[in-house]
>>> print(open('upload-v7.cif').read())   # mmCIF, C-alpha atoms (C1' of nucleotides)
data_query
loop_
_atom_site.group_PDB
_atom_site.id
_atom_site.type_symbol
_atom_site.label_atom_id
_atom_site.label_comp_id
_atom_site.auth_asym_id
_atom_site.auth_seq_id
_atom_site.Cartn_x
_atom_site.Cartn_y
_atom_site.Cartn_z
ATOM 1 C CA MET A 4 -75.662 -73.099 58.462
ATOM 2 C CA ARG A 5 -72.389 -71.242 58.175
ATOM 3 C CA TYR A 6 -69.502 -72.131 60.469
ATOM 4 C CA SER A 7 -68.802 -69.907 63.438
ATOM 5 C CA HIS A 8 -66.122 -70.283 66.072
ATOM 6 C CA GLN A 9 -68.481 -69.039 68.798
ATOM 7 C CA ARG A 10 -71.125 -71.623 67.985
ATOM 8 C CA GLU A 11 -68.539 -74.386 67.927
ATOM 9 C CA VAL A 12 -67.234 -73.389 71.365
ATOM 10 C CA ILE A 13 -70.783 -73.281 72.724
ATOM 11 C CA ARG A 14 -71.564 -76.683 71.252
ATOM 12 C CA GLU A 15 -68.461 -78.176 72.817
ATOM 13 C CA ILE A 16 -69.330 -76.726 76.204
ATOM 14 C CA ILE A 17 -72.747 -78.372 76.162
ATOM 15 C CA PHE A 18 -71.278 -81.669 75.026
ATOM 16 C CA SER A 19 -68.619 -81.600 77.740
ATOM 17 C CA THR A 20 -70.962 -81.864 80.728
ATOM 18 C CA ASN A 21 -73.832 -83.894 82.138
ATOM 19 C CA SER A 22 -74.954 -81.061 84.366
ATOM 20 C CA HIS A 23 -77.706 -79.686 82.073
ATOM 21 C CA PRO A 24 -76.290 -76.167 82.164
ATOM 22 C CA SER A 25 -78.216 -72.907 81.972
ATOM 23 C CA ALA A 26 -77.472 -70.197 79.409
ATOM 24 C CA ASP A 27 -75.633 -68.256 82.079
ATOM 25 C CA TRP A 28 -73.354 -71.149 82.941
ATOM 26 C CA VAL A 29 -72.554 -71.650 79.266
ATOM 27 C CA TYR A 30 -71.825 -67.930 78.980
ATOM 28 C CA ALA A 31 -69.365 -68.048 81.887
ATOM 29 C CA LYS A 32 -67.596 -71.053 80.380
ATOM 30 C CA ALA A 33 -67.549 -69.552 76.903
ATOM 31 C CA ARG A 34 -65.894 -66.359 78.170
ATOM 32 C CA LYS A 35 -62.884 -68.399 79.201
ATOM 33 C CA ALA A 36 -62.342 -69.380 75.574
ATOM 34 C CA ILE A 37 -63.595 -66.146 73.999
ATOM 35 C CA PRO A 38 -63.393 -63.398 76.643
ATOM 36 C CA ASN A 39 -65.493 -60.835 74.793
ATOM 37 C CA ILE A 40 -68.222 -63.196 73.596
ATOM 38 C CA SER A 41 -71.641 -61.649 74.012
ATOM 39 C CA LEU A 42 -74.459 -63.132 76.053
ATOM 40 C CA GLY A 43 -76.753 -62.552 73.093
ATOM 41 C CA THR A 44 -74.469 -64.719 70.997
ATOM 42 C CA VAL A 45 -74.814 -67.489 73.553
ATOM 43 C CA TYR A 46 -78.603 -67.313 73.507
ATOM 44 C CA ARG A 47 -78.779 -67.078 69.721
ATOM 45 C CA ASN A 48 -76.543 -70.093 69.240
ATOM 46 C CA LEU A 49 -78.246 -72.163 71.903
ATOM 47 C CA LYS A 50 -81.466 -71.519 70.021
ATOM 48 C CA GLN A 51 -79.920 -72.400 66.677
ATOM 49 C CA LEU A 52 -78.344 -75.575 68.020
ATOM 50 C CA THR A 53 -81.702 -76.509 69.496
ATOM 51 C CA ASP A 54 -83.591 -75.753 66.274
ATOM 52 C CA GLN A 55 -81.221 -77.854 64.195
ATOM 53 C CA GLY A 56 -81.488 -80.702 66.712
ATOM 54 C CA THR A 57 -77.882 -80.673 67.873
ATOM 55 C CA ILE A 58 -78.853 -80.106 71.488
ATOM 56 C CA ARG A 59 -82.145 -79.988 73.330
ATOM 57 C CA VAL A 60 -83.859 -77.909 75.962
ATOM 58 C CA ILE A 61 -85.009 -79.211 79.292
ATOM 59 C CA GLN A 62 -87.135 -77.265 81.692
ATOM 60 C CA ASP A 63 -86.269 -77.308 85.392
ATOM 61 C CA GLY A 64 -89.144 -75.443 86.951
ATOM 62 C CA PRO A 65 -88.861 -71.926 85.602
ATOM 63 C CA LEU A 66 -85.189 -72.521 84.710
ATOM 64 C CA THR A 67 -84.223 -73.335 81.133
ATOM 65 C CA ARG A 68 -81.391 -75.798 80.758
ATOM 66 C CA TYR A 69 -79.628 -77.421 77.822
ATOM 67 C CA ASP A 70 -78.685 -81.018 77.191
ATOM 68 C CA TRP A 71 -76.608 -82.790 74.537
ATOM 69 C CA ASN A 72 -78.475 -86.053 75.128
ATOM 70 C CA LYS A 73 -81.247 -86.198 72.527
ATOM 71 C CA ASP A 74 -82.222 -89.805 73.170
ATOM 72 C CA PRO A 75 -85.677 -90.008 74.724
ATOM 73 C CA HIS A 76 -85.020 -89.890 78.432
ATOM 74 C CA ASP A 77 -86.351 -88.446 81.641
ATOM 75 C CA HIS A 78 -84.914 -86.746 84.695
ATOM 76 C CA MET A 79 -84.524 -87.203 88.409
ATOM 77 C CA LYS A 80 -84.155 -84.018 90.407
ATOM 78 C CA CYS A 81 -82.749 -84.257 93.907
ATOM 79 C CA THR A 82 -84.293 -81.828 96.372
ATOM 80 C CA SER A 83 -81.190 -81.974 98.550
ATOM 81 C CA CYS A 84 -78.395 -81.266 96.099
ATOM 82 C CA GLY A 85 -80.429 -79.809 93.231
ATOM 83 C CA ARG A 86 -78.730 -82.042 90.700
ATOM 84 C CA MET A 87 -80.680 -83.295 87.737
ATOM 85 C CA VAL A 88 -79.712 -86.730 86.523
ATOM 86 C CA ASP A 89 -80.759 -88.536 83.366
ATOM 87 C CA ILE A 90 -82.831 -91.680 83.610
ATOM 88 C CA GLU A 91 -84.519 -93.833 81.010
ATOM 89 C CA LEU A 92 -88.070 -94.733 81.893
ATOM 90 C CA PRO A 93 -90.376 -96.933 79.840
ATOM 91 C CA ASN A 94 -93.516 -95.222 78.629
ATOM 92 C CA ASP A 95 -94.998 -97.373 75.894
ATOM 93 C CA ASP A 96 -97.797 -98.503 78.164
ATOM 94 C CA LEU A 97 -98.510 -94.907 79.076
ATOM 95 C CA LYS A 98 -98.809 -93.863 75.441
ATOM 96 C CA LYS A 99 -101.121 -96.763 74.577
ATOM 97 C CA MET A 100 -103.307 -96.169 77.582
ATOM 98 C CA VAL A 101 -103.710 -92.482 76.859
ATOM 99 C CA LYS A 102 -104.428 -93.167 73.204
ATOM 100 C CA ASN A 103 -107.123 -95.681 74.068
ATOM 101 C CA GLN A 104 -108.735 -93.928 76.988
ATOM 102 C CA HIS A 105 -108.449 -90.293 75.957
ATOM 103 C CA ASP A 106 -107.933 -90.379 72.184
ATOM 104 C CA PHE A 107 -104.824 -88.281 72.682
ATOM 105 C CA GLU A 108 -101.936 -88.991 70.328
ATOM 106 C CA VAL A 109 -98.795 -88.645 72.426
ATOM 107 C CA SER A 110 -95.696 -87.489 70.574
ATOM 108 C CA ASP A 111 -93.524 -86.817 73.595
ATOM 109 C CA VAL A 112 -93.517 -87.785 77.251
ATOM 110 C CA GLU A 113 -91.746 -85.671 79.844
ATOM 111 C CA ILE A 114 -91.277 -87.229 83.241
ATOM 112 C CA THR A 115 -89.471 -85.590 86.116
ATOM 113 C CA LEU A 116 -89.001 -87.489 89.337
ATOM 114 C CA ILE A 117 -88.490 -85.273 92.353
ATOM 115 C CA GLY A 118 -86.971 -86.771 95.461
ATOM 116 C CA LYS A 119 -83.730 -87.592 97.193
ATOM 117 C CA CYS A 120 -80.774 -89.286 95.593
ATOM 118 C CA ASN A 121 -78.641 -91.885 97.362
ATOM 119 C CA LYS A 122 -76.114 -89.326 98.605
ATOM 120 C CA HIS A 123 -78.658 -88.098 101.135
ATOM 121 C CA ASP A 124 -81.074 -89.927 103.389
ATOM 122 C CA MET B 11 -103.620 -65.131 107.602
ATOM 123 C CA ARG B 12 -105.699 -62.010 107.636
ATOM 124 C CA TYR B 13 -108.666 -61.736 105.303
ATOM 125 C CA SER B 14 -108.288 -59.636 102.197
ATOM 126 C CA HIS B 15 -110.805 -58.932 99.501
ATOM 127 C CA GLN B 16 -108.087 -59.022 96.827
ATOM 128 C CA ARG B 17 -106.914 -62.472 97.853
ATOM 129 C CA GLU B 18 -110.459 -63.785 97.930
ATOM 130 C CA VAL B 19 -111.122 -62.512 94.417
ATOM 131 C CA ILE B 20 -107.870 -64.072 93.174
ATOM 132 C CA ARG B 21 -108.694 -67.370 94.826
ATOM 133 C CA GLU B 22 -112.136 -67.422 93.210
ATOM 134 C CA ILE B 23 -110.650 -66.716 89.798
ATOM 135 C CA ILE B 24 -108.314 -69.696 90.044
ATOM 136 C CA PHE B 25 -111.125 -71.932 91.264
ATOM 137 C CA SER B 26 -113.436 -70.835 88.464
ATOM 138 C CA THR B 27 -111.420 -72.279 85.586
ATOM 139 C CA ASN B 28 -109.736 -75.448 84.384
ATOM 140 C CA SER B 29 -107.435 -73.524 82.082
ATOM 141 C CA HIS B 30 -104.388 -73.385 84.390
ATOM 142 C CA PRO B 31 -104.089 -69.620 84.099
ATOM 143 C CA SER B 32 -100.928 -67.545 84.211
ATOM 144 C CA ALA B 33 -100.414 -64.654 86.621
ATOM 145 C CA ASP B 34 -101.174 -62.248 83.810
ATOM 146 C CA TRP B 35 -104.472 -63.884 82.981
ATOM 147 C CA VAL B 36 -105.470 -63.767 86.646
ATOM 148 C CA TYR B 37 -104.485 -60.098 86.751
ATOM 149 C CA ALA B 38 -106.673 -59.276 83.755
ATOM 150 C CA LYS B 39 -109.638 -61.100 85.333
ATOM 151 C CA ALA B 40 -109.059 -59.533 88.727
ATOM 152 C CA ARG B 41 -109.088 -56.023 87.261
ATOM 153 C CA LYS B 42 -112.680 -56.554 86.200
ATOM 154 C CA ALA B 43 -113.652 -56.991 89.846
ATOM 155 C CA ILE B 44 -111.111 -54.548 91.319
ATOM 156 C CA PRO B 45 -110.037 -52.150 88.564
ATOM 157 C CA ASN B 46 -107.041 -50.700 90.388
ATOM 158 C CA ILE B 47 -105.678 -53.941 91.787
ATOM 159 C CA SER B 48 -101.926 -54.099 91.456
ATOM 160 C CA LEU B 49 -100.022 -56.790 89.582
ATOM 161 C CA GLY B 50 -97.751 -57.106 92.604
ATOM 162 C CA THR B 51 -100.791 -57.931 94.694
ATOM 163 C CA VAL B 52 -101.685 -60.709 92.275
ATOM 164 C CA TYR B 53 -98.211 -62.207 92.450
ATOM 165 C CA ARG B 54 -97.998 -61.856 96.233
ATOM 166 C CA ASN B 55 -101.338 -63.561 96.747
ATOM 167 C CA LEU B 56 -100.692 -66.320 94.238
ATOM 168 C CA LYS B 57 -97.551 -67.051 96.210
ATOM 169 C CA GLN B 58 -99.388 -66.979 99.529
ATOM 170 C CA LEU B 59 -102.185 -69.205 98.260
ATOM 171 C CA THR B 60 -99.548 -71.599 96.944
ATOM 172 C CA ASP B 61 -97.583 -71.568 100.213
ATOM 173 C CA GLN B 62 -100.674 -72.312 102.263
ATOM 174 C CA GLY B 63 -101.642 -75.113 99.876
ATOM 175 C CA THR B 64 -104.855 -73.565 98.579
ATOM 176 C CA ILE B 65 -103.658 -73.667 94.998
ATOM 177 C CA ARG B 66 -100.628 -75.119 93.279
ATOM 178 C CA VAL B 67 -98.139 -74.164 90.629
ATOM 179 C CA ILE B 68 -97.656 -76.024 87.385
ATOM 180 C CA GLN B 69 -94.874 -75.363 84.944
ATOM 181 C CA ASP B 70 -95.676 -75.213 81.236
ATOM 182 C CA GLY B 71 -92.278 -74.914 79.629
ATOM 183 C CA PRO B 72 -90.951 -71.582 80.819
ATOM 184 C CA LEU B 73 -94.495 -70.429 81.678
ATOM 185 C CA THR B 74 -95.735 -70.531 85.253
ATOM 186 C CA ARG B 75 -99.374 -71.463 85.637
ATOM 187 C CA TYR B 76 -101.708 -71.966 88.586
ATOM 188 C CA ASP B 77 -104.135 -74.744 89.359
ATOM 189 C CA TRP B 78 -106.823 -75.275 92.022
ATOM 190 C CA ASN B 79 -106.571 -79.051 91.648
ATOM 191 C CA LYS B 80 -104.156 -80.243 94.313
ATOM 192 C CA ASP B 81 -104.841 -83.950 93.859
ATOM 193 C CA PRO B 82 -101.824 -85.717 92.411
ATOM 194 C CA HIS B 83 -102.341 -85.539 88.690
ATOM 195 C CA ASP B 84 -100.532 -85.018 85.439
ATOM 196 C CA HIS B 85 -101.086 -83.014 82.286
ATOM 197 C CA MET B 86 -101.631 -83.435 78.583
ATOM 198 C CA LYS B 87 -100.553 -80.534 76.437
ATOM 199 C CA CYS B 88 -101.942 -80.286 72.920
ATOM 200 C CA THR B 89 -99.488 -78.920 70.391
ATOM 201 C CA SER B 90 -102.333 -77.781 68.148
ATOM 202 C CA CYS B 91 -104.515 -75.786 70.504
ATOM 203 C CA GLY B 92 -102.019 -75.245 73.333
ATOM 204 C CA ARG B 93 -104.543 -76.357 75.939
ATOM 205 C CA MET B 94 -103.321 -78.208 78.995
ATOM 206 C CA VAL B 95 -105.715 -80.802 80.346
ATOM 207 C CA ASP B 96 -105.581 -82.710 83.614
ATOM 208 C CA ILE B 97 -105.108 -86.457 83.578
ATOM 209 C CA GLU B 98 -104.537 -88.986 86.320
ATOM 210 C CA LEU B 99 -101.765 -91.420 85.552
ATOM 211 C CA PRO B 100 -100.664 -94.308 87.734
ATOM 212 C CA ASN B 101 -97.063 -94.107 88.895
ATOM 213 C CA ASP B 102 -96.673 -96.560 91.767
ATOM 214 C CA ASP B 103 -94.688 -98.941 89.582
ATOM 215 C CA LEU B 104 -92.464 -96.091 88.490
ATOM 216 C CA LYS B 105 -91.686 -95.121 92.076
ATOM 217 C CA LYS B 106 -90.892 -98.678 93.105
ATOM 218 C CA MET B 107 -88.710 -99.280 90.091
ATOM 219 C CA VAL B 108 -86.695 -96.139 90.627
ATOM 220 C CA LYS B 109 -86.291 -96.893 94.319
ATOM 221 C CA ASN B 110 -85.005 -100.385 93.603
ATOM 222 C CA GLN B 111 -82.854 -99.679 90.590
ATOM 223 C CA HIS B 112 -81.454 -96.245 91.446
ATOM 224 C CA ASP B 113 -81.878 -95.919 95.200
ATOM 225 C CA PHE B 114 -83.736 -92.674 94.571
ATOM 226 C CA GLU B 115 -86.609 -91.901 96.947
ATOM 227 C CA VAL B 116 -89.300 -90.285 94.812
ATOM 228 C CA SER B 117 -91.532 -87.782 96.583
ATOM 229 C CA ASP B 118 -93.223 -86.356 93.521
ATOM 230 C CA VAL B 119 -93.731 -87.401 89.911
ATOM 231 C CA GLU B 120 -94.416 -84.851 87.209
ATOM 232 C CA ILE B 121 -95.580 -86.207 83.883
ATOM 233 C CA THR B 122 -96.491 -84.079 80.897
ATOM 234 C CA LEU B 123 -97.771 -85.734 77.765
ATOM 235 C CA ILE B 124 -97.252 -83.688 74.633
ATOM 236 C CA GLY B 125 -99.290 -84.505 71.572
ATOM 237 C CA LYS B 126 -102.587 -83.884 69.822
ATOM 238 C CA CYS B 127 -105.957 -83.984 71.455
ATOM 239 C CA ASN B 128 -109.044 -85.433 69.781
ATOM 240 C CA LYS B 129 -110.175 -82.089 68.370
ATOM 241 C CA HIS B 130 -107.358 -82.253 65.838
ATOM 242 C CA ASP B 131 -106.008 -85.095 63.739
ATOM 243 C "C1'" DA C 26 -55.848 -64.209 45.983
ATOM 244 C "C1'" DT C 27 -59.579 -60.707 45.717
ATOM 245 C "C1'" DT C 28 -64.021 -59.431 45.896
ATOM 246 C "C1'" DA C 29 -68.785 -59.408 47.023
ATOM 247 C "C1'" DG C 30 -72.556 -60.862 49.622
ATOM 248 C "C1'" DT C 31 -74.606 -62.096 53.687
ATOM 249 C "C1'" DA C 32 -74.639 -64.677 58.121
ATOM 250 C "C1'" DT C 33 -72.771 -63.798 62.440
ATOM 251 C "C1'" DT C 34 -70.902 -61.002 65.891
ATOM 252 C "C1'" DA C 35 -70.210 -57.616 70.054
ATOM 253 C "C1'" DG C 36 -72.330 -54.306 72.378
ATOM 254 C "C1'" DT C 37 -76.253 -52.268 73.874
ATOM 255 C "C1'" DA C 38 -81.128 -51.287 74.362
ATOM 256 C "C1'" DA C 39 -85.593 -53.186 74.961
ATOM 257 C "C1'" DT C 40 -88.903 -56.486 76.644
ATOM 258 C "C1'" DC C 41 -91.092 -59.655 79.760
ATOM 259 C "C1'" DA C 42 -91.980 -61.936 84.074
ATOM 260 C "C1'" DT C 43 -91.325 -61.472 88.698
ATOM 261 C "C1'" DT C 44 -89.802 -59.387 93.030
ATOM 262 C "C1'" DA C 45 -88.705 -55.519 96.147
ATOM 263 C "C1'" DC C 46 -89.648 -51.112 98.102
ATOM 264 C "C1'" DT C 47 -92.529 -47.342 100.235
ATOM 265 C "C1'" DG C 48 -95.938 -44.672 101.978
ATOM 266 C "C1'" DT C 49 -100.991 -45.469 102.652
ATOM 267 C "C1'" DT C 50 -105.005 -48.275 103.789
ATOM 268 C "C1'" DT C 51 -107.526 -51.713 106.319
ATOM 269 C "C1'" DA C 52 -108.651 -56.009 109.043
ATOM 270 C "C1'" DA C 53 -109.230 -57.244 113.508
ATOM 271 C "C1'" DA C 54 -107.828 -57.336 118.397
ATOM 272 C "C1'" DT C 55 -108.018 -54.568 122.429
ATOM 273 C "C1'" DA D 12 -112.576 -45.793 119.055
ATOM 274 C "C1'" DT D 13 -107.629 -46.724 119.132
ATOM 275 C "C1'" DT D 14 -103.894 -49.355 117.963
ATOM 276 C "C1'" DT D 15 -101.042 -52.465 115.330
ATOM 277 C "C1'" DA D 16 -99.395 -55.053 111.845
ATOM 278 C "C1'" DA D 17 -100.679 -57.201 107.533
ATOM 279 C "C1'" DA D 18 -101.953 -56.032 103.050
ATOM 280 C "C1'" DC D 19 -102.397 -52.685 99.615
ATOM 281 C "C1'" DA D 20 -101.445 -49.621 95.160
ATOM 282 C "C1'" DG D 21 -98.044 -47.707 92.736
ATOM 283 C "C1'" DT D 22 -93.613 -47.768 91.234
ATOM 284 C "C1'" DA D 23 -88.768 -49.099 90.891
ATOM 285 C "C1'" DA D 24 -85.585 -52.827 90.457
ATOM 286 C "C1'" DT D 25 -84.100 -57.317 89.009
ATOM 287 C "C1'" DG D 26 -83.079 -61.275 86.072
ATOM 288 C "C1'" DA D 27 -83.720 -63.824 81.910
ATOM 289 C "C1'" DT D 28 -84.279 -63.403 77.245
ATOM 290 C "C1'" DT D 29 -84.854 -61.063 72.803
ATOM 291 C "C1'" DA D 30 -84.191 -57.278 69.431
ATOM 292 C "C1'" DC D 31 -81.412 -53.896 67.192
ATOM 293 C "C1'" DT D 32 -77.306 -52.051 64.744
ATOM 294 C "C1'" DA D 33 -73.014 -51.168 62.832
ATOM 295 C "C1'" DA D 34 -68.828 -53.845 62.286
ATOM 296 C "C1'" DT D 35 -66.716 -58.319 61.281
ATOM 297 C "C1'" DA D 36 -65.756 -62.707 59.142
ATOM 298 C "C1'" DC D 37 -67.094 -66.904 56.570
ATOM 299 C "C1'" DT D 38 -67.623 -68.658 51.951
ATOM 300 C "C1'" DA D 39 -68.622 -68.961 47.151
ATOM 301 C "C1'" DA D 40 -67.666 -66.952 42.775
ATOM 302 C "C1'" DT D 41 -64.538 -64.540 40.173
#
>>> encode(input="upload-v7.cif", output="structure tokens")
Amino acid sequence: MRYSHQREVIREIIFSTNSHPSADWVYAKARKAIPNISLGTVYRNLKQLTDQGTIRVIQDGPLTRYDWNKDPHDHMKCTSCGRMVDIELPNDDLKKMVKNQHDFEVSDVEITLIGKCNKHD
Amino acid sequence: MRYSHQREVIREIIFSTNSHPSADWVYAKARKAIPNISLGTVYRNLKQLTDQGTIRVIQDGPLTRYDWNKDPHDHMKCTSCGRMVDIELPNDDLKKMVKNQHDFEVSDVEITLIGKCNKHD
DNA sequence: ATTAGTATTAGTAATCATTACTGTTTAAAT
DNA sequence: ATTTAAACAGTAATGATTACTAATACTAAT
């Protein structure tokens, strides 16, 4: 894939945060570096970066977010502050169990824990 | 909540399938019973039925789907046929572990297993 | 360094899912 | 039967994402 300044800026934005930003948030950030960057450019490059495995998509309800962390991991979503935090949960047992009991070959496990983080009560 | 024929038809459609239908699919079905039913009516009633706990929403990537099964359960999504099947997975250990290790009070656990079901190889 | 070829871009229009609005209909309480 | 508000059909508006197009800018070959 050919170099582009826009894509590089977008990549850096994703890699600079743990907040799992939306396309819109990336767009706002990107405009600070490249004021006339187009929203379409943001979407196109987010897709390309995802396709080539540089970043990944996470789904927060109907919201699409992006994440630089490609290691297998899960998420905790706080209902009070809305923040989504990474967490690593074991799932080997889950995979085995499903394979044995349902003959379903699991390639990926997505776990989202919804609740309240320690900043609230 | 006042009775409405439209809502009753929509409710029956959801309860008649295990396919976790989208709003659009429900709309298409509903038109067979009530040809001039409005898409807005479908959305409004799906929301009402969800709010009153008669049905529930499940998220399939960016797609919103509806489900009559309100028991706590998870989903297996087959990458070959796209079908989403219910499965009950234990998660008490998960909750305890997260509470102890991260001081995060889990109210809901959403697990989606992505892989291949036994109809494919 | 110049050129040529094509991926990428900005800007805009189009699409898709969902929600909001509005005047009319209808359930259901009096 | 009359009244009242919830629900409706039809349509417009919104928000997220994708598609289109003519201009621009990487990059490889000259």
>>> resolve_selection(input="upload-v7.cif", expression="the PyMOL selection byres ((chain A and resi 71-77) around 12)", output="PyMOL selection string")
(chain A and resi 13-24+49+52-53+55-63+68-70+78-80+87-95+110-117) or (chain B and resi 104+108+119-122)
>>> resolve_selection(input="upload-v7.cif", expression="the PyMOL selection byres ((chain C and resi 35) around 8)", output="PDB file with C-alpha atoms (C1' of nucleotides), in the frame of the given file")
ATOM      1  CA  ASN A  39     -65.493 -60.835  74.793  1.00  0.00           C
ATOM      2  CA  ILE A  40     -68.222 -63.196  73.596  1.00  0.00           C
ATOM      3  CA  SER A  41     -71.641 -61.649  74.012  1.00  0.00           C
TER       4      SER A  41
ATOM      5  C1'  DT C  34     -70.902 -61.002  65.891  1.00  0.00           C
ATOM      6  C1'  DG C  36     -72.330 -54.306  72.378  1.00  0.00           C
TER       7       DG C  36
END
>>> residues_around(input="upload-v7.cif", residues="DA52 in chain C", least_positions_apart="3", cutoff="10 Å", atoms="all atoms listed in the file", output="PyMOL selection string")
(chain B and resi 12-14) or (chain D and resi 16-18)
>>> write_last_selection(input="upload-v7.cif", atoms="C-alpha atoms (C1' of nucleotides)", output="short mmCIF file (atom, residue, chain, number, x, y, z; two decimals), in the coordinates of the input")
data_model
loop_
_atom_site.label_atom_id
_atom_site.label_comp_id
_atom_site.auth_asym_id
_atom_site.auth_seq_id
_atom_site.Cartn_x
_atom_site.Cartn_y
_atom_site.Cartn_z
CA ARG B 12 -105.70 -62.01 107.64
CA TYR B 13 -108.67 -61.74 105.30
CA SER B 14 -108.29 -59.64 102.20
"C1'" DA D 16 -99.40 -55.05 111.84
"C1'" DA D 17 -100.68 -57.20 107.53
"C1'" DA D 18 -101.95 -56.03 103.05
#
>>> calpha_fit_and_write(input="upload-v7.cif", fixed="chain A", moving="chain B", output="compact mmCIF listing (two decimals) with C-alpha atoms, keeping the file's coordinate frame")
# COMPACT_ATOMS: atom_id res chain seq x y z
CA MET B 11 -75.36 -73.01 58.43
CA ARG B 12 -72.12 -71.13 58.23
CA TYR B 13 -69.28 -72.09 60.55
CA SER B 14 -68.62 -69.90 63.54
CA HIS B 15 -65.99 -70.25 66.19
CA GLN B 16 -68.41 -69.01 68.87
CA ARG B 17 -71.00 -71.63 68.03
CA GLU B 18 -68.40 -74.38 68.01
CA VAL B 19 -67.16 -73.37 71.45
CA ILE B 20 -70.74 -73.27 72.78
CA ARG B 21 -71.49 -76.67 71.30
CA GLU B 22 -68.39 -78.16 72.91
CA ILE B 23 -69.33 -76.71 76.29
CA ILE B 24 -72.74 -78.36 76.20
CA PHE B 25 -71.23 -81.66 75.09
CA SER B 26 -68.61 -81.57 77.83
CA THR B 27 -70.99 -81.85 80.78
CA ASN B 28 -73.86 -83.89 82.15
CA SER B 29 -75.03 -81.04 84.35
CA HIS B 30 -77.75 -79.68 82.04
CA PRO B 31 -76.36 -76.16 82.14
CA SER B 32 -78.28 -72.91 81.92
CA ALA B 33 -77.53 -70.20 79.36
CA ASP B 34 -75.72 -68.25 82.05
CA TRP B 35 -73.46 -71.14 82.95
CA VAL B 36 -72.60 -71.64 79.29
CA TYR B 37 -71.87 -67.92 78.99
CA ALA B 38 -69.47 -68.01 81.94
CA LYS B 39 -67.65 -71.03 80.45
CA ALA B 40 -67.56 -69.52 76.98
CA ARG B 41 -65.96 -66.32 78.27
CA LYS B 42 -62.94 -68.34 79.35
CA ALA B 43 -62.35 -69.32 75.73
CA ILE B 44 -63.59 -66.08 74.14
CA PRO B 45 -63.43 -63.33 76.76
CA ASN B 46 -65.52 -60.79 74.87
CA ILE B 47 -68.21 -63.16 73.64
CA SER B 48 -71.64 -61.63 73.99
CA LEU B 49 -74.49 -63.12 76.00
CA GLY B 50 -76.74 -62.54 73.00
CA THR B 51 -74.42 -64.71 70.95
CA VAL B 52 -74.78 -67.49 73.51
CA TYR B 53 -78.57 -67.31 73.42
CA ARG B 54 -78.69 -67.07 69.62
CA ASN B 55 -76.46 -70.10 69.19
CA LEU B 56 -78.19 -72.17 71.84
CA LYS B 57 -81.38 -71.53 69.92
CA GLN B 58 -79.78 -72.43 66.60
CA LEU B 59 -78.22 -75.60 67.97
CA THR B 60 -81.61 -76.52 69.42
CA ASP B 61 -83.44 -75.78 66.15
CA GLN B 62 -81.04 -77.90 64.14
CA GLY B 63 -81.35 -80.73 66.67
CA THR B 64 -77.75 -80.70 67.88
CA ILE B 65 -78.79 -80.10 71.46
CA ARG B 66 -82.11 -79.98 73.26
CA VAL B 67 -83.86 -77.91 75.86
CA ILE B 68 -85.03 -79.21 79.19
CA GLN B 69 -87.18 -77.28 81.60
CA ASP B 70 -86.30 -77.33 85.29
CA GLY B 71 -89.18 -75.49 86.89
CA PRO B 72 -88.93 -71.97 85.53
CA LEU B 73 -85.27 -72.54 84.61
CA THR B 74 -84.28 -73.34 81.04
CA ARG B 75 -81.44 -75.80 80.70
CA TYR B 76 -79.63 -77.42 77.78
CA ASP B 77 -78.70 -81.01 77.15
CA TRP B 78 -76.58 -82.80 74.51
CA ASN B 79 -78.47 -86.05 75.08
CA LYS B 80 -81.22 -86.18 72.49
CA ASP B 81 -82.23 -89.78 73.13
CA PRO B 82 -85.68 -89.97 74.67
CA HIS B 83 -85.05 -89.87 78.38
CA ASP B 84 -86.36 -88.45 81.60
CA HIS B 85 -84.91 -86.76 84.64
CA MET B 86 -84.52 -87.20 88.36
CA LYS B 87 -84.15 -84.03 90.36
CA CYS B 88 -82.71 -84.26 93.85
CA THR B 89 -84.25 -81.83 96.31
CA SER B 90 -81.15 -81.97 98.49
CA CYS B 91 -78.37 -81.25 96.03
CA GLY B 92 -80.43 -79.79 93.18
CA ARG B 93 -78.72 -82.02 90.63
CA MET B 94 -80.71 -83.28 87.68
CA VAL B 95 -79.73 -86.73 86.46
CA ASP B 96 -80.77 -88.53 83.30
CA ILE B 97 -82.85 -91.67 83.53
CA GLU B 98 -84.54 -93.82 80.92
CA LEU B 99 -88.08 -94.74 81.82
CA PRO B 100 -90.39 -96.94 79.79
CA ASN B 101 -93.56 -95.23 78.62
CA ASP B 102 -95.06 -97.38 75.88
CA ASP B 103 -97.84 -98.54 78.19
CA LEU B 104 -98.56 -94.96 79.14
CA LYS B 105 -98.91 -93.91 75.51
CA LYS B 106 -101.22 -96.79 74.66
CA MET B 107 -103.37 -96.23 77.71
CA VAL B 108 -103.81 -92.55 77.01
CA LYS B 109 -104.59 -93.22 73.36
CA ASN B 110 -107.26 -95.75 74.26
CA GLN B 111 -108.81 -94.03 77.24
CA HIS B 112 -108.58 -90.37 76.21
CA ASP B 113 -108.14 -90.44 72.44
CA PHE B 114 -105.03 -88.32 72.90
CA GLU B 115 -102.17 -89.01 70.48
CA VAL B 116 -98.99 -88.65 72.53
CA SER B 117 -95.93 -87.47 70.62
CA ASP B 118 -93.71 -86.80 73.61
CA VAL B 119 -93.63 -87.79 77.27
CA GLU B 120 -91.82 -85.69 79.83
CA ILE B 121 -91.30 -87.26 83.22
CA THR B 122 -89.47 -85.62 86.09
CA LEU B 123 -88.97 -87.52 89.30
CA ILE B 124 -88.46 -85.32 92.33
CA GLY B 125 -86.92 -86.81 95.42
CA LYS B 126 -83.65 -87.62 97.13
CA CYS B 127 -80.71 -89.28 95.50
CA ASN B 128 -78.53 -91.86 97.25
CA LYS B 129 -76.01 -89.30 98.48
CA HIS B 130 -78.55 -88.08 101.02
CA ASP B 131 -80.96 -89.94 103.27
>>> atom_distance(input="upload-v7.cif", atom1="C1' of DT38 in chain D", atom2="C1' of DA26 in chain C")
13.9 Å
